[in-house]
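Undergrad: What follows is input.cif, mmCIF, N, CA and C atoms.
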data_target
loop_
_atom_site.group_PDB
_atom_site.id
_atom_site.type_symbol
_atom_site.label_atom_id
_atom_site.label_comp_id
_atom_site.auth_asym_id
_atom_site.auth_seq_id
_atom_site.Cartn_x
_atom_site.Cartn_y
_atom_site.Cartn_z
ATOM 1 N N MET X 1 130.239 85.638 56.447
ATOM 2 C CA MET X 1 130.782 84.515 57.209
ATOM 3 C C MET X 1 132.180 84.201 56.667
ATOM 4 N N ASP X 2 133.159 84.082 57.566
ATOM 5 C CA ASP X 2 134.510 83.792 57.099
ATOM 6 C C ASP X 2 134.712 82.293 56.873
ATOM 7 N N GLU X 3 135.879 81.942 56.353
ATOM 8 C CA GLU X 3 136.167 80.542 56.009
ATOM 9 C C GLU X 3 136.028 79.612 57.209
ATOM 10 N N MET X 4 136.524 80.071 58.360
ATOM 11 C CA MET X 4 136.480 79.237 59.560
ATOM 12 C C MET X 4 135.038 78.966 59.973
ATOM 13 N N GLU X 5 134.200 79.977 59.959
ATOM 14 C CA GLU X 5 132.793 79.800 60.341
ATOM 15 C C GLU X 5 132.060 78.901 59.345
ATOM 16 N N GLU X 6 132.372 79.046 58.070
ATOM 17 C CA GLU X 6 131.758 78.173 57.056
ATOM 18 C C GLU X 6 132.150 76.722 57.300
ATOM 19 N N GLY X 7 133.408 76.496 57.634
ATOM 20 C CA GLY X 7 133.886 75.143 57.919
ATOM 21 C C GLY X 7 133.226 74.553 59.150
ATOM 22 N N LYS X 8 133.098 75.368 60.193
ATOM 23 C CA LYS X 8 132.445 74.892 61.419
ATOM 24 C C LYS X 8 130.981 74.551 61.143
ATOM 25 N N GLN X 9 130.312 75.381 60.345
ATOM 26 C CA GLN X 9 128.909 75.133 60.004
ATOM 27 C C GLN X 9 128.773 73.832 59.214
ATOM 28 N N LYS X 10 129.677 73.621 58.275
ATOM 29 C CA LYS X 10 129.667 72.386 57.470
ATOM 30 C C LYS X 10 129.896 71.177 58.373
ATOM 31 N N PHE X 11 130.804 71.310 59.345
ATOM 32 C CA PHE X 11 131.065 70.220 60.282
ATOM 33 C C PHE X 11 129.806 69.889 61.082
ATOM 34 N N LEU X 12 129.126 70.925 61.579
ATOM 35 C CA LEU X 12 127.889 70.706 62.341
ATOM 36 C C LEU X 12 126.836 70.003 61.486
ATOM 37 N N GLU X 13 126.712 70.424 60.222
ATOM 38 C CA GLU X 13 125.759 69.780 59.312
ATOM 39 C C GLU X 13 126.124 68.317 59.094
ATOM 40 N N LEU X 14 127.418 68.047 58.965
ATOM 41 C CA LEU X 14 127.899 66.684 58.761
ATOM 42 C C LEU X 14 127.511 65.802 59.943
ATOM 43 N N VAL X 15 127.766 66.284 61.160
ATOM 44 C CA VAL X 15 127.438 65.501 62.358
ATOM 45 C C VAL X 15 125.937 65.285 62.460
ATOM 46 N N LYS X 16 125.147 66.329 62.241
ATOM 47 C CA LYS X 16 123.684 66.198 62.334
ATOM 48 C C LYS X 16 123.149 65.228 61.278
ATOM 49 N N GLY X 17 123.803 65.182 60.127
ATOM 50 C CA GLY X 17 123.403 64.252 59.078
ATOM 51 C C GLY X 17 123.662 62.801 59.452
ATOM 52 N N ILE X 18 124.669 62.578 60.275
ATOM 53 C CA ILE X 18 125.005 61.218 60.707
ATOM 54 C C ILE X 18 124.134 60.809 61.886
ATOM 55 N N ASP X 19 124.034 61.691 62.886
ATOM 56 C CA ASP X 19 123.220 61.400 64.070
ATOM 57 C C ASP X 19 122.801 62.720 64.717
ATOM 58 N N ALA X 20 121.536 63.057 64.569
ATOM 59 C CA ALA X 20 121.024 64.340 65.057
ATOM 60 C C ALA X 20 121.036 64.445 66.579
ATOM 61 N N ALA X 21 121.177 63.315 67.280
ATOM 62 C CA ALA X 21 121.170 63.336 68.744
ATOM 63 C C ALA X 21 122.532 63.722 69.328
ATOM 64 N N VAL X 22 123.550 63.780 68.509
ATOM 65 C CA VAL X 22 124.900 64.093 68.994
ATOM 66 C C VAL X 22 125.050 65.603 69.169
ATOM 67 N N GLN X 23 125.547 65.997 70.335
ATOM 68 C CA GLN X 23 125.836 67.405 70.601
ATOM 69 C C GLN X 23 127.311 67.656 70.303
ATOM 70 N N VAL X 24 127.588 68.797 69.697
ATOM 71 C CA VAL X 24 128.947 69.130 69.261
ATOM 72 C C VAL X 24 129.401 70.416 69.948
ATOM 73 N N VAL X 25 130.638 70.399 70.431
ATOM 74 C CA VAL X 25 131.255 71.612 70.955
ATOM 75 C C VAL X 25 132.567 71.815 70.200
ATOM 76 N N ILE X 26 132.626 72.921 69.456
ATOM 77 C CA ILE X 26 133.827 73.278 68.705
ATOM 78 C C ILE X 26 134.415 74.528 69.359
ATOM 79 N N PRO X 27 135.688 74.489 69.751
ATOM 80 C CA PRO X 27 136.290 75.677 70.346
ATOM 81 C C PRO X 27 136.255 76.873 69.393
ATOM 82 N N VAL X 28 136.258 78.065 69.961
ATOM 83 C CA VAL X 28 136.243 79.282 69.160
ATOM 84 C C VAL X 28 137.540 79.412 68.362
ATOM 85 N N THR X 29 138.660 79.091 68.999
ATOM 86 C CA THR X 29 139.952 79.187 68.324
ATOM 87 C C THR X 29 140.708 77.875 68.478
ATOM 88 N N PRO X 30 141.565 77.555 67.515
ATOM 89 C CA PRO X 30 142.354 76.321 67.598
ATOM 90 C C PRO X 30 143.511 76.467 68.584
ATOM 91 N N SER X 31 143.994 75.358 69.065
ATOM 92 C CA SER X 31 145.181 75.315 69.904
ATOM 93 C C SER X 31 146.260 74.575 69.123
ATOM 94 N N ASN X 32 147.389 75.226 68.897
ATOM 95 C CA ASN X 32 148.460 74.643 68.078
ATOM 96 C C ASN X 32 147.944 74.193 66.717
ATOM 97 N N SER X 33 147.092 74.998 66.121
ATOM 98 C CA SER X 33 146.495 74.748 64.799
ATOM 99 C C SER X 33 145.617 73.496 64.760
ATOM 100 N N MET X 34 145.146 73.051 65.918
ATOM 101 C CA MET X 34 144.265 71.889 65.987
ATOM 102 C C MET X 34 143.018 72.254 66.794
ATOM 103 N N PHE X 35 141.881 71.721 66.360
ATOM 104 C CA PHE X 35 140.638 71.871 67.114
ATOM 105 C C PHE X 35 140.379 70.573 67.880
ATOM 106 N N LEU X 36 140.148 70.687 69.178
ATOM 107 C CA LEU X 36 139.725 69.547 69.987
ATOM 108 C C LEU X 36 138.205 69.652 70.094
ATOM 109 N N ILE X 37 137.522 68.791 69.369
ATOM 110 C CA ILE X 37 136.066 68.858 69.243
ATOM 111 C C ILE X 37 135.431 67.770 70.102
ATOM 112 N N SER X 38 134.420 68.171 70.869
ATOM 113 C CA SER X 38 133.709 67.242 71.734
ATOM 114 C C SER X 38 132.413 66.794 71.058
ATOM 115 N N LEU X 39 132.218 65.482 71.028
ATOM 116 C CA LEU X 39 130.967 64.893 70.540
ATOM 117 C C LEU X 39 130.321 64.171 71.720
ATOM 118 N N THR X 40 129.081 64.521 72.035
ATOM 119 C CA THR X 40 128.405 63.946 73.196
ATOM 120 C C THR X 40 127.050 63.390 72.774
ATOM 121 N N LYS X 41 126.778 62.175 73.265
ATOM 122 C CA LYS X 41 125.469 61.561 73.047
ATOM 123 C C LYS X 41 125.070 60.894 74.349
ATOM 124 N N GLY X 42 124.041 61.438 74.975
ATOM 125 C CA GLY X 42 123.645 60.932 76.290
ATOM 126 C C GLY X 42 124.786 61.132 77.272
ATOM 127 N N PRO X 43 125.133 60.087 78.031
ATOM 128 C CA PRO X 43 126.221 60.219 79.016
ATOM 129 C C PRO X 43 127.614 60.012 78.407
ATOM 130 N N ASN X 44 127.678 59.673 77.144
ATOM 131 C CA ASN X 44 128.962 59.349 76.511
ATOM 132 C C ASN X 44 129.549 60.548 75.778
ATOM 133 N N ARG X 45 130.871 60.698 75.905
ATOM 134 C CA ARG X 45 131.561 61.800 75.240
ATOM 135 C C ARG X 45 132.807 61.264 74.557
ATOM 136 N N LYS X 46 133.065 61.783 73.371
ATOM 137 C CA LYS X 46 134.246 61.409 72.596
ATOM 138 C C LYS X 46 134.878 62.696 72.073
ATOM 139 N N PHE X 47 136.203 62.753 72.114
ATOM 140 C CA PHE X 47 136.918 63.906 71.588
ATOM 141 C C PHE X 47 137.641 63.521 70.307
ATOM 142 N N ILE X 48 137.575 64.399 69.328
ATOM 143 C CA ILE X 48 138.358 64.210 68.110
ATOM 144 C C ILE X 48 139.163 65.486 67.867
ATOM 145 N N THR X 49 140.300 65.326 67.240
ATOM 146 C CA THR X 49 141.108 66.494 66.882
ATOM 147 C C THR X 49 141.134 66.617 65.370
ATOM 148 N N LEU X 50 140.957 67.831 64.913
ATOM 149 C CA LEU X 50 141.005 68.118 63.480
ATOM 150 C C LEU X 50 141.912 69.321 63.258
ATOM 151 N N PRO X 51 142.757 69.251 62.244
ATOM 152 C CA PRO X 51 143.597 70.407 61.925
ATOM 153 C C PRO X 51 142.750 71.604 61.496
ATOM 154 N N GLU X 52 143.240 72.780 61.825
ATOM 155 C CA GLU X 52 142.567 74.020 61.453
ATOM 156 C C GLU X 52 142.327 74.071 59.942
ATOM 157 N N ASP X 53 143.308 73.634 59.162
ATOM 158 C CA ASP X 53 143.182 73.657 57.701
ATOM 159 C C ASP X 53 142.046 72.767 57.203
ATOM 160 N N ASP X 54 141.831 71.628 57.886
ATOM 161 C CA ASP X 54 140.738 70.742 57.476
ATOM 162 C C ASP X 54 139.384 71.414 57.691
ATOM 163 N N ILE X 55 139.237 72.156 58.787
ATOM 164 C CA ILE X 55 137.980 72.869 59.044
ATOM 165 C C ILE X 55 137.756 73.927 57.960
ATOM 166 N N ILE X 56 138.812 74.659 57.642
ATOM 167 C CA ILE X 56 138.700 75.710 56.620
ATOM 168 C C ILE X 56 138.356 75.126 55.258
ATOM 169 N N ASP X 57 138.979 73.992 54.903
ATOM 170 C CA ASP X 57 138.795 73.392 53.577
ATOM 171 C C ASP X 57 137.581 72.480 53.484
ATOM 172 N N LEU X 58 136.942 72.189 54.603
ATOM 173 C CA LEU X 58 135.818 71.243 54.632
ATOM 174 C C LEU X 58 134.723 71.554 53.611
ATOM 175 N N PRO X 59 134.255 72.807 53.489
ATOM 176 C CA PRO X 59 133.184 73.064 52.517
ATOM 177 C C PRO X 59 133.650 73.024 51.058
ATOM 178 N N LEU X 60 134.965 73.050 50.839
ATOM 179 C CA LEU X 60 135.481 73.229 49.482
ATOM 180 C C LEU X 60 136.063 71.976 48.853
ATOM 181 N N GLU X 61 136.641 71.092 49.641
ATOM 182 C CA GLU X 61 137.381 69.958 49.086
ATOM 183 C C GLU X 61 136.726 68.632 49.455
ATOM 184 N N ALA X 62 136.393 67.849 48.432
ATOM 185 C CA ALA X 62 135.724 66.563 48.645
ATOM 186 C C ALA X 62 136.615 65.583 49.400
ATOM 187 N N SER X 63 137.927 65.609 49.170
ATOM 188 C CA SER X 63 138.824 64.672 49.849
ATOM 189 C C SER X 63 138.876 64.948 51.355
ATOM 190 N N ILE X 64 138.864 66.228 51.723
ATOM 191 C CA ILE X 64 138.844 66.595 53.144
ATOM 192 C C ILE X 64 137.507 66.184 53.754
ATOM 193 N N LEU X 65 136.430 66.432 53.039
ATOM 194 C CA LEU X 65 135.096 66.057 53.516
ATOM 195 C C LEU X 65 135.022 64.550 53.761
ATOM 196 N N ALA X 66 135.565 63.760 52.850
ATOM 197 C CA ALA X 66 135.546 62.305 52.992
ATOM 198 C C ALA X 66 136.351 61.862 54.216
ATOM 199 N N LYS X 67 137.519 62.468 54.412
ATOM 200 C CA LYS X 67 138.374 62.122 55.555
ATOM 201 C C LYS X 67 137.693 62.485 56.872
ATOM 202 N N VAL X 68 137.129 63.679 56.945
ATOM 203 C CA VAL X 68 136.467 64.128 58.172
ATOM 204 C C VAL X 68 135.206 63.306 58.427
ATOM 205 N N THR X 69 134.475 62.964 57.371
ATOM 206 C CA THR X 69 133.268 62.135 57.518
ATOM 207 C C THR X 69 133.619 60.786 58.136
ATOM 208 N N LYS X 70 134.715 60.170 57.686
ATOM 209 C CA LYS X 70 135.140 58.887 58.247
ATOM 210 C C LYS X 70 135.507 59.043 59.716
ATOM 211 N N THR X 71 136.236 60.093 60.052
ATOM 212 C CA THR X 71 136.625 60.346 61.446
ATOM 213 C C THR X 71 135.391 60.519 62.328
ATOM 214 N N VAL X 72 134.431 61.292 61.851
ATOM 215 C CA VAL X 72 133.210 61.547 62.622
ATOM 216 C C VAL X 72 132.378 60.261 62.738
ATOM 217 N N ASN X 73 132.255 59.512 61.662
ATOM 218 C CA ASN X 73 131.519 58.238 61.712
ATOM 219 C C ASN X 73 132.107 57.297 62.755
ATOM 220 N N ASP X 74 133.452 57.179 62.752
ATOM 221 C CA ASP X 74 134.125 56.299 63.713
ATOM 222 C C ASP X 74 133.880 56.772 65.142
ATOM 223 N N ALA X 75 133.962 58.083 65.359
ATOM 224 C CA ALA X 75 133.765 58.631 66.704
ATOM 225 C C ALA X 75 132.331 58.430 67.187
ATOM 226 N N ILE X 76 131.370 58.670 66.306
ATOM 227 C CA ILE X 76 129.963 58.498 66.702
ATOM 228 C C ILE X 76 129.636 57.021 66.949
ATOM 229 N N ALA X 77 130.226 56.140 66.165
ATOM 230 C CA ALA X 77 130.018 54.715 66.372
ATOM 231 C C ALA X 77 130.543 54.268 67.741
ATOM 232 N N ALA X 78 131.574 54.960 68.231
ATOM 233 C CA ALA X 78 132.156 54.606 69.529
ATOM 234 C C ALA X 78 131.365 55.186 70.708
ATOM 235 N N LEU X 79 130.420 56.060 70.435
ATOM 236 C CA LEU X 79 129.635 56.684 71.527
ATOM 237 C C LEU X 79 128.636 55.695 72.110
#
What is this structure when it is put down as structure tokens?
TA:
Amino acid sequence: MDEMEEGKQKFLELVKGIDAAVQVVIPVTPSNSMFLISLTKGPNRKFITLPEDDIIDLPLEASILAKVTKTVNDAIAAL
């Protein structure tokens, strides 16, 4: 598994840990070094953007994990 796939897997685990009912769609490749990620719960959908580097560093760096966790928490709370 490459760095990008490990990061995407960690992101999915993070979302499921916060709310298992949320469905996640992560694009296969970034656009302009950014991922536009869809979070859906029931009829509600929220989009968040994350830099490609944050996805790659997610499994390795606690500061990135903390930042992404806050972003995901805020997005899920808005669903």
Undergrad: Mind checking DSSP for chain X and telling me the helix (DSSP H, G or I) residues as a ChimeraX atom specification?
TA: /X:3-18,52-57,62-77
Undergrad: Please compute the atom CA of Pro30 of chain X-atom CA of Val72 of chain X distance, one decimal, in Å.
TA: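 Distance reported for this atom pair: 18.1 Å.
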Undergrad: Counting all atoms listed in the file, find the residues whose atoms lie at most 6.5 Å from (127.7, 68.6, 66.7) (file coordinates) and write them out as a VMD selection string.
TA: chain X and resid 11 to 12 15 to 16 22 to 25 39
Undergrad: Taking every listed atom of segment 8-11 of chain X and adding 5 Å to each side, what centre and edge lengths in Å (one decimal) does the axis-aligned box have, as AutoDock Vina command-line options?
TA:
--center_x 130.9 --center_y 72.6 --center_z 59.4 --size_x 14.3 --size_y 15.5 --size_z 13.9
Undergrad: Of the candidates X:Gly17, X:Glu5, X:Ser31, X:Arg45, which shows the shortest atom-to-atom distance to Ala78 of chain X, using only C-alpha atoms?
TA: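 Going through X:Gly17, X:Glu5, X:Ser31, X:Arg45 one by one, the smallest distance to Ala78 of chain X is for X:Arg45.
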Undergrad: Check the DSSP output for the backbone and give back, as a ChimeraX atom specification, the residues of chain X in strand (DSSP E).
TA: /X:23-25,34-41,44-51
Undergrad: Provide the atom CA of Lys41 of chain X to atom CA of Ala21 of chain X distance in Å, to one decimal place.
TA: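 Atom-to-atom, atom CA of Lys41 of chain X to atom CA of Ala21 of chain X, that is 6.3 Å.
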Undergrad: Could you list, as a tab-separated table (two decimals) with N, CA and C atoms, in the coordinates of the input, every residue matched by the PyMOL selection byres (((chain X and resi 59 and name CA) around 9) and name CA) in this structure?
TA:
chain	number	residue	atom	x	y	z
X	3	GLU	N	135.88	81.94	56.35
X	3	GLU	CA	136.17	80.54	56.01
X	3	GLU	C	136.03	79.61	57.21
X	6	GLU	N	132.37	79.05	58.07
X	6	GLU	CA	131.76	78.17	57.06
X	6	GLU	C	132.15	76.72	57.30
X	7	GLY	N	133.41	76.50	57.63
X	7	GLY	CA	133.89	75.14	57.92
X	7	GLY	C	133.23	74.55	59.15
X	9	GLN	N	130.31	75.38	60.34
X	9	GLN	CA	128.91	75.13	60.00
X	9	GLN	C	128.77	73.83	59.21
X	10	LYS	N	129.68	73.62	58.28
X	10	LYS	CA	129.67	72.39	57.47
X	10	LYS	C	129.90	71.18	58.37
X	11	PHE	N	130.80	71.31	59.34
X	11	PHE	CA	131.06	70.22	60.28
X	11	PHE	C	129.81	69.89	61.08
X	55	ILE	N	139.24	72.16	58.79
X	55	ILE	CA	137.98	72.87	59.04
X	55	ILE	C	137.76	73.93	57.96
X	56	ILE	N	138.81	74.66	57.64
X	56	ILE	CA	138.70	75.71	56.62
X	56	ILE	C	138.36	75.13	55.26
X	57	ASP	N	138.98	73.99	54.90
X	57	ASP	CA	138.79	73.39	53.58
X	57	ASP	C	137.58	72.48	53.48
X	58	LEU	N	136.94	72.19	54.60
X	58	LEU	CA	135.82	71.24	54.63
X	58	LEU	C	134.72	71.55	53.61
X	60	LEU	N	134.96	73.05	50.84
X	60	LEU	CA	135.48	73.23	49.48
X	60	LEU	C	136.06	71.98	48.85
X	61	GLU	N	136.64	71.09	49.64
X	61	GLU	CA	137.38	69.96	49.09
X	61	GLU	C	136.73	68.63	49.46
X	62	ALA	N	136.39	67.85	48.43
X	62	ALA	CA	135.72	66.56	48.64
X	62	ALA	C	136.62	65.58	49.40
X	64	ILE	N	138.86	66.23	51.72
X	64	ILE	CA	138.84	66.60	53.14
X	64	ILE	C	137.51	66.18	53.75
X	65	LEU	N	136.43	66.43	53.04
X	65	LEU	CA	135.10	66.06	53.52
X	65	LEU	C	135.02	64.55	53.76
